[in-house]
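I have placed the structure first, in the form of structure tokens, so that the comments after it can refer back to it.
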Amino acid sequence: RMSKTVGNYTLVEKLGQGSYATVYKAHHKTNGGSFAVKVISKEKLGSAKLQANLEQEISIMKEITHENVVRLFGTFTSKNNIYLVLEFCGGGDLQLYIRKHKRLDETVARRFLIQLARGLQFLHSKNIIHRDIKPQNLLLSEFSPSAVIKFADFGFAKYLNEAALAQTPCGTPLYMAPEIFEYKEYDAKADVWSIGCVLFEMCTGEPPFRGSNHRELYQSIRSQSLRLPSGVSLSPEVSSILQKLLELVPQRRASLDMLCRVTESMDAQMKQQEQQGQG
């Protein structure tokens, strides 16, 4: 077991690593609470662009407090590093959870989708688009079907007015909206597409489209209709919202409002069924 102290925190376990940051589970020295501390190497951060991105990520996260978004509690720096103190999510990421279960029971997928719609609605109400929604960037409060799911990693996030000008492809290709591949202007509907990809993967255990490189992937998105892997059947309701989320043409794609209406009605149904089950 490791134990290294930074500021008021003792780092106890490495949770993950990226190109310029490592995330640790940490305990607060005085109150013993659990946190995730992201340690960013100033040297590896290097370029002015990456630094600007990090500043933007911090400023975006500072103004977000929502149950379905990972909280940033504070930041501090040392000579070599920048530290982000984040909410600790004991369930790991959704990718891990899907792999462990092969695919999720539709009830669980719905429960997670309802929360994702709420989190996304909150982000968009603050004019923030995430631009890198994928199972690895969705964290679970605990490793269980009743976990609270939270958006994490705002490294690519942008304020909407800037993003409208940002035609740079970003995000992870498997979950990237077709309009981003086409270098067209894109808006909040790019996030809606990614939510569709995540829902598909929750229900089937695999992403909706594949390709060994950007071009093949884009071709497969353009040319293939959405097909469920054999052996997977979904309720008409979930099939229908999947088709609408994974609509190629952004103008025809489900809006976030529509997604929220659908998920709120799912939520009401589920609550009703639970009550009847108890009754």
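Residues are referred to by chain and number: the chain letter is A, B, ... according to the order shown in the structure tokens, the number counts from 1 in that chain, and ligands are numbered separately from 1 in the order shown.
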
**Request:** Within 9 Å of Cys197 in chain A, counting only C-alpha atoms, which residues show up once you throw out same-chain ones fewer than 2 positions away? Write them as an MDAnalysis selection string, please.
**Result:** chainID A and resid 134 174:176 192:195 199:202 207:209 242 245:246

Find the spatial neighbours of Pro135 in chain A, counting only C-alpha atoms, within a cut-off of 8 Å - ignore same-chain residues fewer than 6 positions away - and output them as an mmCIF file with all heavy atoms, in the first residue's frame.
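And here's result27.cif as it stands now:
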data_model
loop_
_atom_site.group_PDB
_atom_site.id
_atom_site.type_symbol
_atom_site.label_atom_id
_atom_site.label_comp_id
_atom_site.auth_asym_id
_atom_site.auth_seq_id
_atom_site.Cartn_x
_atom_site.Cartn_y
_atom_site.Cartn_z
ATOM 1 N N ASP A 93 -15.274 3.160 -13.205
ATOM 2 C CA ASP A 93 -15.983 3.759 -14.347
ATOM 3 C C ASP A 93 -16.967 2.784 -14.977
ATOM 4 O O ASP A 93 -16.941 1.582 -14.723
ATOM 5 C CB ASP A 93 -14.992 4.342 -15.372
ATOM 6 C CG ASP A 93 -14.144 3.271 -16.061
ATOM 7 O OD1 ASP A 93 -14.691 2.208 -16.405
ATOM 8 O OD2 ASP A 93 -12.942 3.507 -16.266
ATOM 9 N N LEU A 94 -17.831 3.347 -15.819
ATOM 10 C CA LEU A 94 -18.901 2.557 -16.432
ATOM 11 C C LEU A 94 -18.338 1.492 -17.374
ATOM 12 O O LEU A 94 -18.898 0.412 -17.519
ATOM 13 C CB LEU A 94 -19.860 3.495 -17.188
ATOM 14 C CG LEU A 94 -21.050 2.834 -17.904
ATOM 15 C CD1 LEU A 94 -21.972 2.118 -16.919
ATOM 16 C CD2 LEU A 94 -21.852 3.875 -18.697
ATOM 17 N N GLN A 95 -17.202 1.785 -18.011
ATOM 18 C CA GLN A 95 -16.615 0.802 -18.915
ATOM 19 C C GLN A 95 -16.294 -0.499 -18.162
ATOM 20 O O GLN A 95 -16.592 -1.603 -18.617
ATOM 21 C CB GLN A 95 -15.338 1.355 -19.545
ATOM 22 C CG GLN A 95 -14.740 0.389 -20.572
ATOM 23 C CD GLN A 95 -13.449 0.908 -21.171
ATOM 24 O OE1 GLN A 95 -12.599 1.468 -20.478
ATOM 25 N NE2 GLN A 95 -13.288 0.730 -22.467
ATOM 26 N N VAL A 198 -23.355 5.408 -25.606
ATOM 27 C CA VAL A 198 -23.194 4.835 -24.266
ATOM 28 C C VAL A 198 -24.390 3.932 -23.930
ATOM 29 O O VAL A 198 -24.230 2.825 -23.405
ATOM 30 C CB VAL A 198 -23.040 5.955 -23.204
ATOM 31 C CG1 VAL A 198 -23.129 5.387 -21.781
ATOM 32 C CG2 VAL A 198 -21.711 6.691 -23.381
#

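Relative to CA of Gln121 in chain A, CA of Asp257 in chain A is found at 7.9 Å.
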
**Prompt:** Which residues, written as a PyMOL selection string, have at least one atom at most 9 Å from Lys25 in chain A, with only C-alpha atoms counted and residues fewer than 6 positions away on the same chain left out?
**Reply:** chain A and resi 10-15+34-38+88

Those selected residues, please, written with N, CA, C and O atoms and delivered as a compact mmCIF listing (two decimals), in the first residue's frame.
# COMPACT_ATOMS: atom_id res chain seq x y z
N THR A 10 -3.46 12.34 2.12
CA THR A 10 -2.55 11.21 2.03
C THR A 10 -3.00 10.35 0.85
O THR A 10 -4.13 9.87 0.83
N LEU A 11 -2.13 10.19 -0.14
CA LEU A 11 -2.46 9.37 -1.30
C LEU A 11 -2.29 7.90 -0.91
O LEU A 11 -1.23 7.51 -0.43
N VAL A 12 -3.33 7.10 -1.13
CA VAL A 12 -3.25 5.71 -0.66
C VAL A 12 -3.28 4.68 -1.78
O VAL A 12 -2.86 3.54 -1.59
N GLU A 13 -3.77 5.05 -2.97
CA GLU A 13 -3.91 4.02 -4.00
C GLU A 13 -4.03 4.70 -5.35
O GLU A 13 -4.76 5.69 -5.49
N LYS A 14 -3.34 4.17 -6.35
CA LYS A 14 -3.41 4.76 -7.70
C LYS A 14 -4.68 4.25 -8.37
O LYS A 14 -4.94 3.05 -8.39
N LEU A 15 -5.48 5.17 -8.91
CA LEU A 15 -6.75 4.77 -9.55
C LEU A 15 -6.64 4.74 -11.07
O LEU A 15 -7.34 3.99 -11.73
N SER A 34 -12.72 10.39 2.12
CA SER A 34 -12.07 9.88 0.90
C SER A 34 -12.26 10.85 -0.25
O SER A 34 -13.37 11.36 -0.45
N PHE A 35 -11.21 11.06 -1.00
CA PHE A 35 -11.25 11.94 -2.16
C PHE A 35 -10.45 11.29 -3.30
O PHE A 35 -9.72 10.34 -3.07
N ALA A 36 -10.62 11.83 -4.50
CA ALA A 36 -9.72 11.45 -5.60
C ALA A 36 -8.85 12.66 -5.85
O ALA A 36 -9.36 13.78 -5.96
N VAL A 37 -7.54 12.47 -5.89
CA VAL A 37 -6.65 13.59 -6.16
C VAL A 37 -5.98 13.35 -7.51
O VAL A 37 -5.35 12.32 -7.73
N LYS A 38 -6.19 14.31 -8.42
CA LYS A 38 -5.59 14.22 -9.76
C LYS A 38 -4.30 15.02 -9.71
O LYS A 38 -4.31 16.22 -9.42
N PHE A 88 -14.57 11.38 -4.68
CA PHE A 88 -14.15 9.99 -4.90
C PHE A 88 -15.36 9.14 -5.27
O PHE A 88 -16.39 9.19 -4.61

**Request:** Mind listing the strand (DSSP E or B) residues of range 26-256 of chain A, per DSSP on the backbone, as a PyMOL selection string?
**Result:** chain A and resi 26-28+34-41+69+72-77+81-87+93+128-129+138-140+149-151+158-159

Selection above as a file: N, CA and C atoms, as a CSV table (one decimal), in the first residue's frame:
chain,number,residue,atom,x,y,z
A,26,ALA,N,-7.4,9.2,-2.1
A,26,ALA,CA,-6.6,9.9,-1.0
A,26,ALA,C,-7.6,10.1,0.2
A,27,HIS,N,-7.0,10.2,1.4
A,27,HIS,CA,-7.7,10.5,2.6
A,27,HIS,C,-7.3,11.9,3.1
A,28,HIS,N,-8.3,12.6,3.6
A,28,HIS,CA,-8.0,13.9,4.2
A,28,HIS,C,-7.4,13.7,5.5
A,34,SER,N,-12.7,10.4,2.1
A,34,SER,CA,-12.1,9.9,0.9
A,34,SER,C,-12.3,10.9,-0.3
A,35,PHE,N,-11.2,11.1,-1.0
A,35,PHE,CA,-11.2,11.9,-2.2
A,35,PHE,C,-10.5,11.3,-3.3
A,36,ALA,N,-10.6,11.8,-4.5
A,36,ALA,CA,-9.7,11.4,-5.6
A,36,ALA,C,-8.8,12.7,-5.9
A,37,VAL,N,-7.5,12.5,-5.9
A,37,VAL,CA,-6.6,13.6,-6.2
A,37,VAL,C,-6.0,13.4,-7.5
A,38,LYS,N,-6.2,14.3,-8.4
A,38,LYS,CA,-5.6,14.2,-9.8
A,38,LYS,C,-4.3,15.0,-9.7
A,39,VAL,N,-3.2,14.3,-10.0
A,39,VAL,CA,-1.9,15.0,-9.9
A,39,VAL,C,-1.4,15.2,-11.3
A,40,ILE,N,-1.3,16.5,-11.7
A,40,ILE,CA,-0.9,16.9,-13.0
A,40,ILE,C,0.5,17.4,-13.1
A,41,SER,N,1.4,16.8,-13.8
A,41,SER,CA,2.8,17.2,-13.9
A,41,SER,C,2.9,18.4,-14.8
A,69,VAL,N,-22.6,14.9,-11.6
A,69,VAL,CA,-21.3,15.4,-12.1
A,69,VAL,C,-20.3,15.3,-11.0
A,72,LEU,N,-15.5,19.1,-8.1
A,72,LEU,CA,-14.2,19.5,-7.8
A,72,LEU,C,-14.2,20.3,-6.5
A,73,PHE,N,-13.4,19.9,-5.5
A,73,PHE,CA,-13.5,20.5,-4.2
A,73,PHE,C,-12.5,21.6,-4.1
A,74,GLY,N,-11.4,21.5,-4.9
A,74,GLY,CA,-10.4,22.6,-4.8
A,74,GLY,C,-9.1,22.2,-5.5
A,75,THR,N,-8.2,23.1,-5.6
A,75,THR,CA,-7.0,22.9,-6.3
A,75,THR,C,-5.8,23.5,-5.5
A,76,PHE,N,-4.6,22.9,-5.7
A,76,PHE,CA,-3.5,23.5,-5.1
A,76,PHE,C,-2.3,23.1,-5.9
A,77,THR,N,-1.1,23.8,-5.8
A,77,THR,CA,0.0,23.5,-6.6
A,77,THR,C,1.3,23.3,-5.7
A,81,ASN,N,3.9,20.1,-9.5
A,81,ASN,CA,2.6,19.6,-9.9
A,81,ASN,C,1.4,20.5,-9.6
A,82,ILE,N,0.3,20.2,-10.3
A,82,ILE,CA,-1.0,20.9,-10.0
A,82,ILE,C,-1.9,19.8,-9.5
A,83,TYR,N,-2.6,20.0,-8.4
A,83,TYR,CA,-3.4,19.0,-7.8
A,83,TYR,C,-4.9,19.4,-7.8
A,84,LEU,N,-5.7,18.5,-8.3
A,84,LEU,CA,-7.2,18.7,-8.3
A,84,LEU,C,-7.8,17.8,-7.3
A,85,VAL,N,-8.5,18.3,-6.3
A,85,VAL,CA,-9.2,17.5,-5.3
A,85,VAL,C,-10.6,17.2,-5.8
A,86,LEU,N,-10.9,15.9,-6.1
A,86,LEU,CA,-12.2,15.6,-6.7
A,86,LEU,C,-13.0,14.7,-5.8
A,87,GLU,N,-14.3,14.6,-6.0
A,87,GLU,CA,-15.1,13.6,-5.4
A,87,GLU,C,-14.6,12.2,-5.7
A,93,ASP,N,-15.3,3.2,-13.2
A,93,ASP,CA,-16.0,3.8,-14.3
A,93,ASP,C,-17.0,2.8,-15.0
A,128,ILE,N,-22.5,24.4,-21.1
A,128,ILE,CA,-21.3,23.6,-21.2
A,128,ILE,C,-21.5,22.4,-22.1
A,129,ILE,N,-20.7,22.1,-23.1
A,129,ILE,CA,-20.8,20.8,-23.7
A,129,ILE,C,-19.5,20.0,-23.3
A,138,LEU,N,-17.5,8.2,-17.3
A,138,LEU,CA,-18.7,8.2,-16.4
A,138,LEU,C,-18.4,7.3,-15.2
A,139,LEU,N,-18.4,7.9,-14.1
A,139,LEU,CA,-18.0,7.2,-12.9
A,139,LEU,C,-19.2,6.8,-12.0
A,140,LEU,N,-19.0,5.7,-11.2
A,140,LEU,CA,-20.1,5.2,-10.4
A,140,LEU,C,-19.8,5.5,-8.9
A,149,ILE,N,-24.5,7.7,-11.1
A,149,ILE,CA,-23.6,7.8,-12.2
A,149,ILE,C,-23.2,9.3,-12.4
A,150,LYS,N,-21.9,9.6,-12.7
A,150,LYS,CA,-21.5,11.0,-12.7
A,150,LYS,C,-20.6,11.2,-13.9
A,151,PHE,N,-20.8,12.4,-14.6
A,151,PHE,CA,-19.9,12.8,-15.6
A,151,PHE,C,-18.6,13.2,-15.0
A,158,LYS,N,-16.3,22.6,-23.3
A,158,LYS,CA,-16.2,24.0,-23.7
A,158,LYS,C,-17.5,24.7,-23.4
A,159,TYR,N,-17.4,26.0,-23.3
A,159,TYR,CA,-18.6,26.8,-23.2
A,159,TYR,C,-19.2,26.8,-24.6
